[in-house]
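Enquirer: Questions regarding the structure given below will be posed in turn.
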4 protein chains.
Amino acid sequence: MVRVGIVGISGFGGKVLLDILLKHKEVRVTYVAANSTTGRVDAIWPEFRGRTDLVCAKYDPARAIEHCELVFLALPHMESMKIVDALLKAGKKVIDLSADYRLKKTSLYTQWYGAEHKDRKNLLKAVYGLPEIFRAKVRKSRFIANPGCYPTAALLALAPLASIDPGKIVSIIIDAKSGVSGAGRKVAEGFMFCFVNENFKAYRVLTHQHTPEISQYLSGMAGKELKAVFVPHLLPINNGILETIYVTLNEKMTANALDTLYRKFYKTESFVRVMPKGEQVEVKNVVHTNFCDIALTVSEDRKMIVITSAIDNLVKGAAGQAVQNMNIMYDFQETEGLL
Amino acid sequence: MVRVGIVGISGFGGKVLLDILLKHKEVRVTYVAANSTTGRVDAIWPEFRGRTDLVCAKYDPARAIEHCELVFLALPHMESMKIVDALLKAGKKVIDLSADYRLKKTSLYTQWYGAEHKDRKNLLKAVYGLPEIFRAKVRKSRFIANPGCYPTAALLALAPLASIDPGKIVSIIIDAKSGVSGAGRKVAEGFMFCFVNENFKAYRVLTHQHTPEISQYLSGMAGKELKAVFVPHLLPINNGILETIYVTLNEKMTANALDTLYRKFYKTESFVRVMPKGEQVEVKNVVHTNFCDIALTVSEDRKMIVITSAIDNLVKGAAGQAVQNMNIMYDFQETEGLL
Amino acid sequence: MVRVGIVGISGFGGKVLLDILLKHKEVRVTYVAANSTTGRVDAIWPEFRGRTDLVCAKYDPARAIEHCELVFLALPHMESMKIVDALLKAGKKVIDLSADYRLKKTSLYTQWYGAEHKDRKNLLKAVYGLPEIFRAKVRKSRFIANPGCYPTAALLALAPLASIDPGKIVSIIIDAKSGVSGAGRKVAEGFMFCFVNENFKAYRVLTHQHTPEISQYLSGMAGKELKAVFVPHLLPINNGILETIYVTLNEKMTANALDTLYRKFYKTESFVRVMPKGEQVEVKNVVHTNFCDIALTVSEDRKMIVITSAIDNLVKGAAGQAVQNMNIMYDFQETEGLL
Amino acid sequence: MVRVGIVGISGFGGKVLLDILLKHKEVRVTYVAANSTTGRVDAIWPEFRGRTDLVCAKYDPARAIEHCELVFLALPHMESMKIVDALLKAGKKVIDLSADYRLKKTSLYTQWYGAEHKDRKNLLKAVYGLPEIFRAKVRKSRFIANPGCYPTAALLALAPLASIDPGKIVSIIIDAKSGVSGAGRKVAEGFMFCFVNENFKAYRVLTHQHTPEISQYLSGMAGKELKAVFVPHLLPINNGILETIYVTLNEKMTANALDTLYRKFYKTESFVRVMPKGEQVEVKNVVHTNFCDIALTVSEDRKMIVITSAIDNLVKGAAGQAVQNMNIMYDFQETEGLL
């Protein structure tokens, strides 16, 4: 049994990680910590009563190093970068669910996250943990930057086209909708029940911090600069993301060609499901799972493709994908704990 | 046009009051204030954009007295009692939506609200504004203690039996369920979307502060002490209360007798609807209205009655009832602004 | 008092119409009918108990003609076209909430609604009842084709640009999200609580029947053909539409210029609210109102505008707009019953 | 691997069963059937795409007998009783999730389910599969009547008191609230999104068919007749039941004594969690789990106990408990597939 730790157990990401890892047959959770909350995990999250006796303490690098071979960091951005270096130096594997090691240019980090990056040294070591695209690198890595939730749904939806046929892409618009848990366990009026329920709105229109993450990896796949327009919205549901992506092409593409391209690209993947033609993805089909569902609609006339993709923001968009990365790093069955 | 003011415009009660009063043909809202929030009302509540240019300032008794004939206090408890006396002394009419003047014994206030009462002098002057029971007193009063939301639904459900046939009542259990707006605009983790949505729970079991209010007025109607067991629950909806009330009797009562008793009691009331036999009340039928719906089920065998009653906690349970009281005080049509 | 009738009282549109008309001070509802449901209106919709004694019968043209000066048709498409002609011949005014008289080309009707149009004669007489654009025509008309819910939000969001500066528009993508009442009172598995709640999905991607309605009136305003890409989604809320509209321009436009254009265009309108810069529309601010809220975001770099617009699909998107049209036709205060 | 079948895969119970069984390491699902729906399971329930290739056919006893050692019946009542006998005769184990074999008196069945019982012979053979109470009998049985969802939450909440100290109980009132999936996959207006969302109501007040099931097993445990008053309500959530149970005693009982009684009774149970004193159960803590959470509140004065209990109606209230029963019958780890 591999001994693993979770730092940030008091957040939603940490909670879902623990839920998955308690059922995982190759690992044992030996250490949990958080920034401010302490005490029994089943007092922090009563749903775990009867499932674990773990006790959460303030993060202590020495204890993390002593008790774990791998540490999951489910922390807010700006926090991970303070503790990664010591863990890596101690020879530990690290999977960071924060945004700290995803953007490769520190200037972009400063621009979108409003702060200096404090650990440039390890920035380039981090492998972006989107297994369907970077599995080989993940396998050899000791340090994973786990993708953001919106970028996961966007990049999986666009990867076949961007990797195989990027020359065709003229423009990309991503209209994204997320459940409320995507905002984390933040206590703010905008996330109060009466302000979310029976409501719907766009937020951070054209200014969301996941925008450069999407563009960076999309451009990387395409081998040319691809910038997506990105507008997120807040759905009155707990979990789930659905993105409706409008791709304008410079020439006609048939529905069959597109379908073939996507099916071939994801043929061997366990967690990406390309819908049968004519069917749409639905959040309910992926929630509490590690699946990413993708549906394709073509308007030949307009040279436009409409792609819808759906994930659970806390599973494939965070904790599930982190476990998938761990499974690859340790050569466990990739689906262990996730199916 | 009567000039009225609202103190506490930043809360849900204040918002619904303004919504009703802006449509009311006999009054003009000339003054709005709050404790902490200031600025244009349509910045505090964007739903009012295009409907009002009112600006909210910190409460100033001199301005309230200058600008209003009647002042609605939609404040948290402990706040109303600081400002009522000055308003009454200045000859103003006051309708207080807080809990401060409902309990007639200050010892009970201290016990259930955890603080000393600071305005005993005016306590006995306040008329409990449940028009269906105390209309004559409301008409002559200048100072109304507007009932709590849970007590409104409970007292209207029990009034016919308690007023006419109290000798039959052996025990009363009130299982109450409320939408989240009942908790006010409080920003706390327990009211965050992800902690309420797809959830349901009881809270303050046997210790909710509305318990003595229910018992006091129930006993008053009955002319004997009647104590109800009261357990509230939090529903994942914005607005609405439904109470399921179990009354044990000391003798059999037929469904017909009960039905007749209730229909007769509420015959001339505009806002109480006794359901046809066999039909149940539903929150959706009363939400955004000033109605209280009541349904009756009898188990002759067990000498038990099950009464369900439903109101909108912010309308009949707060702002709507406050306007109904104002209508009575000024001899306006009782339904003005409310139907 | 103008005597008005509602045909289709058993649907959501008919219900909201009745709710508004019962509060309207210039009209009296003298006739209600439906296709299949009959009986007291407060048995069909228990929320009306205590508010009306109206009884719904199967539609009878003679009775409608006898009892009404104006008839609202809140019927499914294909039904209105069977009864309009007789009403118009009898000299009645008609406001049709169905889709039957919106598309001016019957070939389009056949293509998108899958059936022959049966009343071509009256098709061209119908005035499209979007008052902010066609008020003068509405005023003189006896027969109104009330706009669809999605087109209302789309056309109001695009009208200033399309009317004043259509030459700049290169392409339009409308990503629309609607609450469930938009589907009507249809009993189908896809609208069951467990299939909608905690779910979100796109539907009829690129094939929704409101697409040609949007294009027709957009092109009319622009004086050139404008075709919008249109993708609707189902939100897990009862009421409300939010559309996120991506307009690509052929040259840069500043945020200030756009803001000025919109504010000027809607300066005298009671029901269109252009948000302050930097604020977004939210469904909760328009639900149960006749407002259409519009927010503007500009990306000068990309020559792109992102417009968000929000309405209540049953009010400004149906019954409220129908009453607004009636108010104009009869020269009542345009906001009567609606503010 | 034990080969198991699911009859009734198109219902919610069948779906959750399959979800659990696909992760269960001791069994293989070799047969699925339904009454009316046929085809690939992942077409019936798209959430299973990529997880199973099972194909659902109309129920065929010969095939069920050939392919399975144990058959789960997740059918509506009246259906199970038609097929149980053949399965038992063929030596198969059967776990029936319907109500058909729970009531031991056929007269009660007729009274509450409105139909004659057709398989009296097997009625007395069926063991009521509430493992915490009847584990020993379950272990030796080949035929399980899996408890109803409401009775599970009620009986576990009352078992310690009813089994150990029944003499104290004077009366029991159960105010129960259930999520919508409890109604099954029934397509009816009352379960449409717009009729459930933002709504709450009681239904079948004092006449719900689970009433005699609760009384029968409660009386059995107590060794004396115990009849509970039972009123169910419909919650606007997908999954979960919370019951608030009011027990009147004939003498005082302290909170400590009650707490000790319950903790001792459930000491060795994996799936019953007695809350720490002062904490309440919440639906969110049990949903998607096989736990039953129980909280106790005492009013010594009134000689009253208020018990709240919460389960997931489809897991501990149906499919999860069915798997727990199977685990016991086969001497698997009792928590296998469920933790």
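Chain identifiers are assigned as A, B, and so on, following the order in which chains appear in the structure tokens; residues are numbered from 1 within each chain, and ligands are numbered from 1 in order of appearance.
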Can you list every residue of chain D that has an atom at most 12 Å from chain A, with its nearest atom pair and the distance in Å to one decimal, using only C-alpha atoms, ordered by chain then number, as JSON lines?
Expert:
{"residue": "D:Asp19", "atom": "CA", "partner": "A:Leu339", "partner_atom": "CA", "distance": 9.6}
{"residue": "D:Ile20", "atom": "CA", "partner": "A:Leu339", "partner_atom": "CA", "distance": 10.5}
{"residue": "D:Leu21", "atom": "CA", "partner": "A:Leu339", "partner_atom": "CA", "distance": 11.6}
{"residue": "D:Leu22", "atom": "CA", "partner": "A:Leu339", "partner_atom": "CA", "distance": 8.6}
{"residue": "D:Lys23", "atom": "CA", "partner": "A:Leu339", "partner_atom": "CA", "distance": 7.2}
{"residue": "D:His24", "atom": "CA", "partner": "A:Leu339", "partner_atom": "CA", "distance": 10.9}
{"residue": "D:Lys25", "atom": "CA", "partner": "A:Lys25", "partner_atom": "CA", "distance": 11.6}
{"residue": "D:Asp42", "atom": "CA", "partner": "A:Asn285", "partner_atom": "CA", "distance": 10.5}
{"residue": "D:Ala43", "atom": "CA", "partner": "A:Pro276", "partner_atom": "CA", "distance": 10.0}
{"residue": "D:Ile44", "atom": "CA", "partner": "A:Asn285", "partner_atom": "CA", "distance": 11.8}
{"residue": "D:Trp45", "atom": "CA", "partner": "A:Asn285", "partner_atom": "CA", "distance": 8.3}
{"residue": "D:Pro46", "atom": "CA", "partner": "A:Asn285", "partner_atom": "CA", "distance": 6.3}
{"residue": "D:Glu47", "atom": "CA", "partner": "A:Asn285", "partner_atom": "CA", "distance": 4.3}
{"residue": "D:Phe48", "atom": "CA", "partner": "A:Asn285", "partner_atom": "CA", "distance": 8.0}
{"residue": "D:Arg49", "atom": "CA", "partner": "A:Arg273", "partner_atom": "CA", "distance": 7.5}
{"residue": "D:Gly50", "atom": "CA", "partner": "A:Arg273", "partner_atom": "CA", "distance": 7.1}
{"residue": "D:Arg51", "atom": "CA", "partner": "A:Leu339", "partner_atom": "CA", "distance": 7.7}
{"residue": "D:Thr52", "atom": "CA", "partner": "A:Leu339", "partner_atom": "CA", "distance": 10.9}
{"residue": "D:Cys194", "atom": "CA", "partner": "A:Glu198", "partner_atom": "CA", "distance": 11.5}
{"residue": "D:Asn197", "atom": "CA", "partner": "A:Glu198", "partner_atom": "CA", "distance": 9.4}
{"residue": "D:Glu198", "atom": "CA", "partner": "A:Glu198", "partner_atom": "CA", "distance": 8.6}
{"residue": "D:Ile237", "atom": "CA", "partner": "A:Ile237", "partner_atom": "CA", "distance": 11.2}
{"residue": "D:Asn238", "atom": "CA", "partner": "A:Lys284", "partner_atom": "CA", "distance": 11.4}
{"residue": "D:Lys267", "atom": "CA", "partner": "A:Gly50", "partner_atom": "CA", "distance": 11.3}
{"residue": "D:Thr268", "atom": "CA", "partner": "A:Gly50", "partner_atom": "CA", "distance": 11.1}
{"residue": "D:Glu269", "atom": "CA", "partner": "A:Gly50", "partner_atom": "CA", "distance": 9.8}
{"residue": "D:Ser270", "atom": "CA", "partner": "A:Gly50", "partner_atom": "CA", "distance": 7.2}
{"residue": "D:Phe271", "atom": "CA", "partner": "A:Gly50", "partner_atom": "CA", "distance": 7.9}
{"residue": "D:Val272", "atom": "CA", "partner": "A:Gly50", "partner_atom": "CA", "distance": 8.7}
{"residue": "D:Arg273", "atom": "CA", "partner": "A:Gly50", "partner_atom": "CA", "distance": 7.1}
{"residue": "D:Val274", "atom": "CA", "partner": "A:Arg49", "partner_atom": "CA", "distance": 9.8}
{"residue": "D:Met275", "atom": "CA", "partner": "A:Arg49", "partner_atom": "CA", "distance": 9.1}
{"residue": "D:Pro276", "atom": "CA", "partner": "A:Ala43", "partner_atom": "CA", "distance": 10.0}
{"residue": "D:Glu279", "atom": "CA", "partner": "A:Pro46", "partner_atom": "CA", "distance": 10.0}
{"residue": "D:Gln280", "atom": "CA", "partner": "A:Pro46", "partner_atom": "CA", "distance": 10.4}
{"residue": "D:Val281", "atom": "CA", "partner": "A:Pro46", "partner_atom": "CA", "distance": 9.2}
{"residue": "D:Glu282", "atom": "CA", "partner": "A:Pro46", "partner_atom": "CA", "distance": 9.2}
{"residue": "D:Val283", "atom": "CA", "partner": "A:Glu47", "partner_atom": "CA", "distance": 9.7}
{"residue": "D:Lys284", "atom": "CA", "partner": "A:Glu47", "partner_atom": "CA", "distance": 7.6}
{"residue": "D:Asn285", "atom": "CA", "partner": "A:Glu47", "partner_atom": "CA", "distance": 4.3}
{"residue": "D:Val286", "atom": "CA", "partner": "A:Glu47", "partner_atom": "CA", "distance": 6.6}
{"residue": "D:Val287", "atom": "CA", "partner": "A:Glu47", "partner_atom": "CA", "distance": 8.9}
{"residue": "D:His288", "atom": "CA", "partner": "A:His288", "partner_atom": "CA", "distance": 9.8}
{"residue": "D:Thr289", "atom": "CA", "partner": "A:Glu47", "partner_atom": "CA", "distance": 9.0}
{"residue": "D:Asn290", "atom": "CA", "partner": "A:Glu47", "partner_atom": "CA", "distance": 11.3}
{"residue": "D:Phe291", "atom": "CA", "partner": "A:Gly50", "partner_atom": "CA", "distance": 9.0}
{"residue": "D:Cys292", "atom": "CA", "partner": "A:Gly50", "partner_atom": "CA", "distance": 11.0}
{"residue": "D:Asp293", "atom": "CA", "partner": "A:Arg49", "partner_atom": "CA", "distance": 9.7}
{"residue": "D:Ala310", "atom": "CA", "partner": "A:Glu47", "partner_atom": "CA", "distance": 11.9}
{"residue": "D:Ile311", "atom": "CA", "partner": "A:Glu47", "partner_atom": "CA", "distance": 11.9}
{"residue": "D:Thr335", "atom": "CA", "partner": "A:Arg51", "partner_atom": "CA", "distance": 11.0}
{"residue": "D:Glu336", "atom": "CA", "partner": "A:Lys23", "partner_atom": "CA", "distance": 10.6}
{"residue": "D:Gly337", "atom": "CA", "partner": "A:Lys23", "partner_atom": "CA", "distance": 9.5}
{"residue": "D:Leu338", "atom": "CA", "partner": "A:Lys23", "partner_atom": "CA", "distance": 9.9}
{"residue": "D:Leu339", "atom": "CA", "partner": "A:Lys23", "partner_atom": "CA", "distance": 7.2}
Enquirer: From a DSSP calculation on the backbone, collect every residue of stretch 141-191 of chain D in strand (DSSP E or B) and output the set as a VMD selection string.
Expert: chain D and resid 143 to 145 169 to 178
Enquirer: Quick one: pick out all helix (DSSP H, G or I) residues within stretch 122-236 of chain A from a backbone DSSP run and write them as a ChimeraX atom specification.
Expert: /A:122-123,131-140,149-164,166-168,180-183,189-191,193-196,211-222
Enquirer: Considering only C-alpha atoms, return as a PyMOL selection string whatever protein or nucleic-acid residues lie within 9 Å of B:Val205, sequence-local ones (same chain, fewer than 6 positions apart) excluded.
Expert: (chain B and resi 230-233) or (chain D and resi 280+297+306)
Enquirer: Set the distance at 12 Å and use only C-alpha atoms: which residues neighbour A:Asn146 once local chain neighbours fewer than 6 positions away are removed? I'd like the list as a PyMOL selection string.
Expert: chain A and resi 13+72-75+80+94-103+126-131+134+138+152+213+314-326
Enquirer: I want to know what sits within 6 Å of C:Val32, based on only C-alpha atoms, with residues of the same chain fewer than 5 positions away left out; could you give that as a ChimeraX atom specification?
Expert: /C:5-7,56
Enquirer: Could you name the residues that touch stretch 184-193 of chain B at 12 Å or less, counting only C-alpha atoms, but leaving out those on the same chain fewer than 6 positions away, as number ranges by chain?
Expert: A: 179-199, 234-239; B: 8-15, 74-77, 98, 149, 178, 199-201, 203, 234-239, 313-314, 318; D: 282
Enquirer: Compile the contact shell of D:Phe265 as an MDAnalysis selection string: residues with an atom at most 12 Å away, counting only C-alpha atoms, same-chain residues fewer than 5 positions apart removed.
Expert: chainID D and resid 132:133 156:165 258:260 272:274
Enquirer: Between atom CA of D:Lys227 and atom CA of B:Thr308, what is the spacing in Å?
Expert: 21.4 Å
